[in-house]
Structures are given as C-alpha cells and as structure tokens.
$ cat work-v6.cif   # mmCIF, C-alpha atoms; chains and numbers go by the auth columns
data_data
loop_
_atom_site.group_PDB
_atom_site.id
_atom_site.type_symbol
_atom_site.label_atom_id
_atom_site.label_comp_id
_atom_site.label_asym_id
_atom_site.label_seq_id
_atom_site.Cartn_x
_atom_site.Cartn_y
_atom_site.Cartn_z
_atom_site.B_iso_or_equiv
_atom_site.auth_seq_id
_atom_site.auth_asym_id
ATOM 1 C CA MET A 1 23.027 -9.699 -38.252 0.00 1162 A
ATOM 2 C CA ARG A 2 19.479 -9.132 -37.018 0.00 1163 A
ATOM 3 C CA PHE A 3 17.817 -5.812 -36.423 0.00 1164 A
ATOM 4 C CA ARG A 4 14.849 -5.325 -34.192 0.00 1165 A
ATOM 5 C CA VAL A 5 12.317 -2.833 -35.454 0.00 1166 A
ATOM 6 C CA GLY A 6 9.736 -1.553 -33.024 0.00 1167 A
ATOM 7 C CA PRO A 7 9.001 1.062 -30.427 0.00 1168 A
ATOM 8 C CA PRO A 8 11.767 1.792 -27.944 0.00 1169 A
ATOM 9 C CA ASP A 9 11.549 0.108 -24.589 0.00 1170 A
ATOM 10 C CA GLU A 10 9.747 2.311 -22.126 0.00 1171 A
ATOM 11 C CA ALA A 11 11.530 3.163 -18.916 0.00 1172 A
ATOM 12 C CA LYS A 12 9.917 1.442 -15.956 0.00 1173 A
ATOM 13 C CA PRO A 13 8.743 3.838 -13.249 0.00 1174 A
ATOM 14 C CA PRO A 14 10.086 3.342 -9.699 0.00 1175 A
ATOM 15 C CA VAL A 15 6.890 1.683 -8.487 0.00 1176 A
ATOM 16 C CA PRO A 16 6.827 -1.484 -6.357 0.00 1177 A
ATOM 17 C CA ALA A 17 5.521 -4.387 -8.448 0.00 1178 A
ATOM 18 C CA ALA A 18 2.521 -4.881 -6.161 0.00 1179 A
ATOM 19 C CA TYR A 19 1.320 -1.324 -6.860 0.00 1180 A
ATOM 20 C CA MET A 20 2.052 -1.311 -10.617 0.00 1181 A
ATOM 21 C CA PRO A 21 -1.613 -1.988 -11.589 0.00 1182 A
ATOM 22 C CA LEU A 22 -2.726 1.157 -9.734 0.00 1183 A
ATOM 23 C CA TYR A 23 0.056 3.181 -11.359 0.00 1184 A
ATOM 24 C CA THR A 24 -0.895 1.894 -14.809 0.00 1185 A
ATOM 25 C CA TYR A 25 -4.573 2.670 -14.261 0.00 1186 A
ATOM 26 C CA LEU A 26 -3.905 6.232 -13.071 0.00 1187 A
ATOM 27 C CA ASP A 27 -1.248 6.914 -15.695 0.00 1188 A
ATOM 28 C CA ARG A 28 -3.643 6.020 -18.513 0.00 1189 A
ATOM 29 C CA ARG A 29 -6.490 8.250 -17.359 0.00 1190 A
ATOM 30 C CA TYR A 30 -6.883 11.639 -19.022 0.00 1191 A
ATOM 31 C CA ALA A 31 -9.225 13.106 -16.428 0.00 1192 A
ATOM 32 C CA ALA A 32 -7.743 15.714 -14.116 0.00 1193 A
ATOM 33 C CA THR A 33 -9.347 13.922 -11.160 0.00 1194 A
ATOM 34 C CA VAL A 34 -9.836 10.188 -10.772 0.00 1195 A
ATOM 35 C CA VAL A 35 -11.926 9.087 -7.774 0.00 1196 A
ATOM 36 C CA LEU A 36 -11.684 5.448 -6.717 0.00 1197 A
ATOM 37 C CA THR A 37 -13.388 3.627 -3.888 0.00 1198 A
ATOM 38 C CA PHE A 38 -11.305 1.464 -1.600 0.00 1199 A
ATOM 39 C CA GLU A 39 -13.003 -1.552 -3.183 0.00 1200 A
ATOM 40 C CA GLN A 40 -11.962 -0.428 -6.680 0.00 1201 A
ATOM 41 C CA ILE A 41 -8.387 0.060 -5.492 0.00 1202 A
ATOM 42 C CA GLU A 42 -8.405 -3.429 -3.966 0.00 1203 A
ATOM 43 C CA ALA A 43 -9.712 -4.860 -7.248 0.00 1204 A
ATOM 44 C CA LEU A 44 -6.954 -3.121 -9.215 0.00 1205 A
ATOM 45 C CA LEU A 45 -4.231 -4.289 -6.835 0.00 1206 A
ATOM 46 C CA GLY A 46 -5.552 -7.789 -6.313 0.00 1207 A
ATOM 47 C CA PHE A 47 -5.060 -7.521 -2.557 0.00 1208 A
ATOM 48 C CA VAL A 48 -6.318 -5.524 0.408 0.00 1209 A
ATOM 49 C CA PRO A 49 -3.994 -2.608 1.227 0.00 1210 A
ATOM 50 C CA PRO A 50 -2.463 -2.579 4.707 0.00 1211 A
ATOM 51 C CA SER A 51 -4.667 -1.441 7.592 0.00 1212 A
ATOM 52 C CA PRO A 52 -3.147 2.096 7.795 0.00 1213 A
ATOM 53 C CA ALA A 53 -4.652 2.785 4.355 0.00 1214 A
ATOM 54 C CA PHE A 54 -8.111 2.583 5.935 0.00 1215 A
ATOM 55 C CA ALA A 55 -7.374 4.544 9.110 0.00 1216 A
ATOM 56 C CA ASP A 56 -4.581 7.043 8.419 0.00 1217 A
ATOM 57 C CA ALA A 57 -4.767 9.702 5.704 0.00 1218 A
ATOM 58 C CA GLU A 58 -0.990 10.095 5.900 0.00 1219 A
ATOM 59 C CA TRP A 59 -0.622 6.632 4.348 0.00 1220 A
ATOM 60 C CA TRP A 60 -1.986 8.170 1.155 0.00 1221 A
ATOM 61 C CA THR A 61 -0.242 11.526 1.338 0.00 1222 A
ATOM 62 C CA GLY A 62 3.213 10.147 2.074 0.00 1223 A
ATOM 63 C CA ALA A 63 3.513 12.308 5.172 0.00 1224 A
ATOM 64 C CA CYS A 64 4.118 9.272 7.387 0.00 1225 A
ATOM 65 C CA GLY A 65 7.570 8.814 5.829 0.00 1226 A
ATOM 66 C CA ALA A 66 7.962 5.190 6.906 0.00 1227 A
ATOM 67 C CA ASN A 67 8.127 2.711 4.038 0.00 1228 A
ATOM 68 C CA ASP A 68 5.981 4.834 1.747 0.00 1229 A
ATOM 69 C CA GLY A 69 7.129 3.223 -1.518 0.00 1230 A
ATOM 70 C CA HIS A 70 3.454 2.584 -2.275 0.00 1231 A
ATOM 71 C CA THR A 71 2.961 6.324 -2.890 0.00 1232 A
ATOM 72 C CA ALA A 72 5.056 5.935 -6.048 0.00 1233 A
ATOM 73 C CA ALA A 73 1.973 4.346 -7.636 0.00 1234 A
ATOM 74 C CA TRP A 74 0.353 7.764 -7.944 0.00 1235 A
ATOM 75 C CA THR A 75 3.323 10.120 -7.749 0.00 1236 A
ATOM 76 C CA ALA A 76 4.967 8.389 -10.730 0.00 1237 A
ATOM 77 C CA ALA A 77 1.637 8.864 -12.546 0.00 1238 A
ATOM 78 C CA ARG A 78 1.959 12.589 -11.718 0.00 1239 A
ATOM 79 C CA ARG A 79 -0.918 12.661 -9.250 0.00 1240 A
ATOM 80 C CA SER A 80 -1.542 13.515 -5.624 0.00 1241 A
ATOM 81 C CA ALA A 81 -3.862 11.516 -3.385 0.00 1242 A
ATOM 82 C CA ALA A 82 -6.616 13.038 -1.265 0.00 1243 A
ATOM 83 C CA PRO A 83 -8.289 10.332 0.818 0.00 1244 A
ATOM 84 C CA GLN A 84 -11.712 10.636 2.393 0.00 1245 A
ATOM 85 C CA LEU A 85 -11.503 7.787 4.880 0.00 1246 A
ATOM 86 C CA ARG A 86 -15.094 7.921 6.123 0.00 1247 A
ATOM 87 C CA ALA A 87 -16.422 7.830 2.559 0.00 1248 A
ATOM 88 C CA ARG A 88 -13.876 5.101 1.679 0.00 1249 A
ATOM 89 C CA ILE A 89 -12.680 6.926 -1.445 0.00 1250 A
ATOM 90 C CA VAL A 90 -9.470 8.488 -2.712 0.00 1251 A
ATOM 91 C CA ALA A 91 -9.331 11.341 -5.220 0.00 1252 A
ATOM 92 C CA PHE A 92 -6.187 11.320 -7.346 0.00 1253 A
ATOM 93 C CA GLU A 93 -5.548 14.812 -8.741 0.00 1254 A
ATOM 94 C CA ARG A 94 -3.271 15.409 -11.729 0.00 1255 A
ATOM 95 C CA LEU A 95 -0.254 17.503 -10.789 0.00 1256 A
ATOM 96 C CA PRO A 96 0.711 20.503 -12.952 0.00 1257 A
#

$ encode --input "work-v6.cif" --output "structure tokens"
Amino acid sequence: MRFRVGPPDEAKPPVPAAYMPLYTYLDRRYAATVVLTFEQIEALLGFVPPSPAFADAEWWTGACGANDGHTAAWTAARRSAAPQLRARIVAFERLP
C-alpha cells in the first residue's frame, strides 16, 4: 500500500481556462487595488480580449449578462473590476 504525503489538492475555481492566468495573477496579489493596462491583461492572457472589452464597460462589470463567464477571473479572486476605457486600464478592487 502506498500513501501520498503532501498538501491537499486545491479546489479549482470556476474560471474558464482561457482566463485562468488573469485569475491567478489577481488572486496572488495582496494589494487592495490592482491596476492593469489592457496591454498587461493581453500579456497575461496570451490573447486579445474580445472587442466589447475595449468598448463596453459592462463587459468588465458583468452587467451585460450574456456569456460573462470571463468575469469569473476576477470575481473568483474576490475582486470587482472598474474599467476606464479611454485610459485603457482596469482597476481590480478587493471585495470585503
């Protein structure tokens, strides 16, 4: 009989695989606010987000309701997203 000794397997958050790098980045930050440029987000993801991410703030807030599984990347990391589209940045605030 073999026993495995090690840390318990961590539960995987309900984040689409494509957005897991953003989740991991935000989850591991201790700062109350993390501000990322669109270019930094693209670098983390390894792809350009869909066009609504650049034109519609609701894509970030989840208010659009249609296929918003991507929002799990920050909500699972216990953060909200506040985009500033003209400045091409998103502030991710830690939730209480």

$ closest_atom_pairs --input "work-v6.cif" --of "range 1176-1199 of chain A" --to "range 1208-1223 of chain A" --cutoff "12 Å" --atoms "only C-alpha atoms" --output "Markdown table"
| residue | atom | partner | partner_atom | distance |
| --- | --- | --- | --- | --- |
| A:Ala1179 | CA | A:Phe1208 | CA | 8.8 |
| A:Tyr1180 | CA | A:Pro1210 | CA | 9.8 |
| A:Pro1182 | CA | A:Phe1208 | CA | 11.1 |
| A:Leu1183 | CA | A:Phe1208 | CA | 11.5 |
| A:Thr1198 | CA | A:Phe1215 | CA | 11.2 |
| A:Phe1199 | CA | A:Phe1215 | CA | 8.3 |

$ write_last_selection --input "work-v6.cif" --atoms "C-alpha atoms" --output "JSON list (two decimals), in the coordinates of the input"
[["chain", "number", "residue", "atom", "x", "y", "z"],
["A", 1179, "ALA", "CA", 2.52, -4.88, -6.16],
["A", 1180, "TYR", "CA", 1.32, -1.32, -6.86],
["A", 1182, "PRO", "CA", -1.61, -1.99, -11.59],
["A", 1183, "LEU", "CA", -2.73, 1.16, -9.73],
["A", 1198, "THR", "CA", -13.39, 3.63, -3.89],
["A", 1199, "PHE", "CA", -11.30, 1.46, -1.60]]

$ residues_near_point --input "work-v6.cif" --point "(2.6, 11.9, -10.1)" --cutoff "10 Å" --atoms "all atoms listed in the file" --output "list in words"
Tyr1184, Leu1187, Asp1188, Thr1232, Ala1233, Ala1234, Trp1235, Thr1236, Ala1237, Ala1238, Arg1239, Arg1240, Ser1241, Ala1242, Phe1253, Glu1254, Arg1255, Leu1256 and Pro1257 of chain A

$ atom_distance --input "work-v6.cif" --atom1 "CA of Ile1250 in chain A" --atom2 "CA of Lys1173 in chain A"
27.4 Å

$ atom_distance --input "work-v6.cif" --atom1 "CA of Gln1201 in chain A" --atom2 "CA of Pro1177 in chain A"
18.8 Å

$ atom_distance --input "work-v6.cif" --atom1 "CA of Ala1252 in chain A" --atom2 "CA of Ala1204 in chain A"
16.3 Å

$ resolve_selection --input "work-v6.cif" --expression "the PyMOL selection byres ((chain A and resi 1196) around 6)" --output "list in words"
Val1195, Leu1197, Val1251 and Ala1252 of chain A

$ closest_residue --input "work-v6.cif" --among "A:Ala1243, A:Met1181, A:Ala1248, A:Val1176" --to "Leu1206 in chain A" --atoms "only C-alpha atoms"
A:Met1181

$ axis_aligned_box --input "work-v6.cif" --around "range 1235-1251 of chain A" --padding-each-side "8 Å" --output "AutoDock Vina command-line options"
--center_x -5.7 --center_y 9.3 --center_z -3.2 --size_x 37.4 --size_y 24.4 --size_z 34.7

$ decode --input "work-v6.cif" --residues "chain A" --atoms "C-alpha atoms" --output "tab-separated table (two decimals), in the first residue's frame"
chain	number	residue	atom	x	y	z
A	1162	MET	CA	0.00	0.00	0.00
A	1163	ARG	CA	1.29	3.46	-0.91
A	1164	PHE	CA	0.50	6.68	0.86
A	1165	ARG	CA	0.84	10.06	-0.71
A	1166	VAL	CA	2.13	12.75	1.60
A	1167	GLY	CA	1.73	16.34	0.53
A	1168	PRO	CA	-0.56	19.32	0.56
A	1169	PRO	CA	-4.21	18.64	-0.23
A	1170	ASP	CA	-5.36	19.28	-3.75
A	1171	GLU	CA	-6.69	22.79	-4.07
A	1172	ALA	CA	-10.20	23.20	-5.39
A	1173	LYS	CA	-10.18	24.72	-8.86
A	1174	PRO	CA	-12.16	27.95	-9.13
A	1175	PRO	CA	-14.98	28.13	-11.71
A	1176	VAL	CA	-12.90	30.15	-14.17
A	1177	PRO	CA	-12.72	29.40	-17.91
A	1178	ALA	CA	-9.28	28.01	-18.76
A	1179	ALA	CA	-8.51	30.93	-21.08
A	1180	TYR	CA	-8.92	33.41	-18.20
A	1181	MET	CA	-7.10	31.34	-15.54
A	1182	PRO	CA	-3.82	33.33	-15.87
A	1183	LEU	CA	-5.66	36.57	-15.01
A	1184	TYR	CA	-7.39	34.88	-12.07
A	1185	THR	CA	-4.08	33.52	-10.78
A	1186	TYR	CA	-2.38	36.90	-11.10
A	1187	LEU	CA	-5.15	38.75	-9.24
A	1188	ASP	CA	-5.58	36.05	-6.61
A	1189	ARG	CA	-1.90	36.23	-5.67
A	1190	ARG	CA	-1.76	39.99	-5.23
A	1191	TYR	CA	-2.03	41.39	-1.70
A	1192	ALA	CA	-2.76	44.96	-2.72
A	1193	ALA	CA	-6.32	46.16	-2.21
A	1194	THR	CA	-6.27	47.62	-5.72
A	1195	VAL	CA	-4.50	46.19	-8.75
A	1196	VAL	CA	-4.48	48.40	-11.86
A	1197	LEU	CA	-3.64	46.75	-15.17
A	1198	THR	CA	-3.44	48.22	-18.64
A	1199	PHE	CA	-5.21	46.46	-21.47
A	1200	GLU	CA	-1.77	45.51	-22.81
A	1201	GLN	CA	-0.82	43.90	-19.48
A	1202	ILE	CA	-4.09	41.96	-19.45
A	1203	GLU	CA	-3.43	40.77	-23.00
A	1204	ALA	CA	0.08	39.66	-21.99
A	1205	LEU	CA	-1.30	37.71	-19.02
A	1206	LEU	CA	-3.99	36.02	-21.11
A	1207	GLY	CA	-1.87	35.39	-24.17
A	1208	PHE	CA	-4.61	36.69	-26.46
A	1209	VAL	CA	-6.51	39.89	-27.20
A	1210	PRO	CA	-9.84	40.00	-25.34
A	1211	PRO	CA	-12.97	40.29	-27.47
A	1212	SER	CA	-13.82	43.71	-28.90
A	1213	PRO	CA	-16.53	44.50	-26.28
A	1214	ALA	CA	-13.77	44.59	-23.65
A	1215	PHE	CA	-12.40	47.72	-25.34
A	1216	ALA	CA	-15.71	49.48	-25.98
A	1217	ASP	CA	-18.23	48.42	-23.33
A	1218	ALA	CA	-17.65	48.84	-19.59
A	1219	GLU	CA	-20.40	46.30	-18.93
A	1220	TRP	CA	-18.12	43.58	-20.32
A	1221	TRP	CA	-15.98	44.11	-17.23
A	1222	THR	CA	-18.74	44.63	-14.70
A	1223	GLY	CA	-20.81	41.62	-15.72
A	1224	ALA	CA	-23.87	43.79	-16.22
A	1225	CYS	CA	-24.25	42.65	-19.84
A	1226	GLY	CA	-25.32	39.19	-18.64
A	1227	ALA	CA	-24.60	37.44	-21.93
A	1228	ASN	CA	-21.83	34.85	-21.76
A	1229	ASP	CA	-19.99	36.64	-18.96
A	1230	GLY	CA	-18.01	33.61	-17.75
A	1231	HIS	CA	-14.88	35.72	-18.20
A	1232	THR	CA	-15.87	37.79	-15.15
A	1233	ALA	CA	-15.12	34.74	-13.00
A	1234	ALA	CA	-11.43	35.57	-13.49
A	1235	TRP	CA	-11.74	38.44	-11.03
A	1236	THR	CA	-14.86	37.53	-9.06
A	1237	ALA	CA	-13.31	34.18	-8.07
A	1238	ALA	CA	-10.26	36.19	-6.94
A	1239	ARG	CA	-12.66	38.23	-4.77
A	1240	ARG	CA	-12.34	41.43	-6.79
A	1241	SER	CA	-14.54	43.82	-8.71
A	1242	ALA	CA	-13.50	45.42	-11.99
A	1243	ALA	CA	-13.70	49.14	-12.71
A	1244	PRO	CA	-12.66	49.82	-16.30
A	1245	GLN	CA	-11.54	53.19	-17.61
A	1246	LEU	CA	-11.91	52.55	-21.33
A	1247	ARG	CA	-10.40	55.82	-22.56
A	1248	ALA	CA	-7.32	55.31	-20.39
A	1249	ARG	CA	-7.19	51.62	-21.42
A	1250	ILE	CA	-6.89	50.41	-17.82
A	1251	VAL	CA	-8.90	48.31	-15.40
A	1252	ALA	CA	-8.75	48.68	-11.62
A	1253	PHE	CA	-9.48	45.45	-9.76
A	1254	GLU	CA	-10.62	46.23	-6.21
A	1255	ARG	CA	-10.54	43.62	-3.44
A	1256	LEU	CA	-14.02	42.84	-2.16
A	1257	PRO	CA	-14.68	42.80	1.61
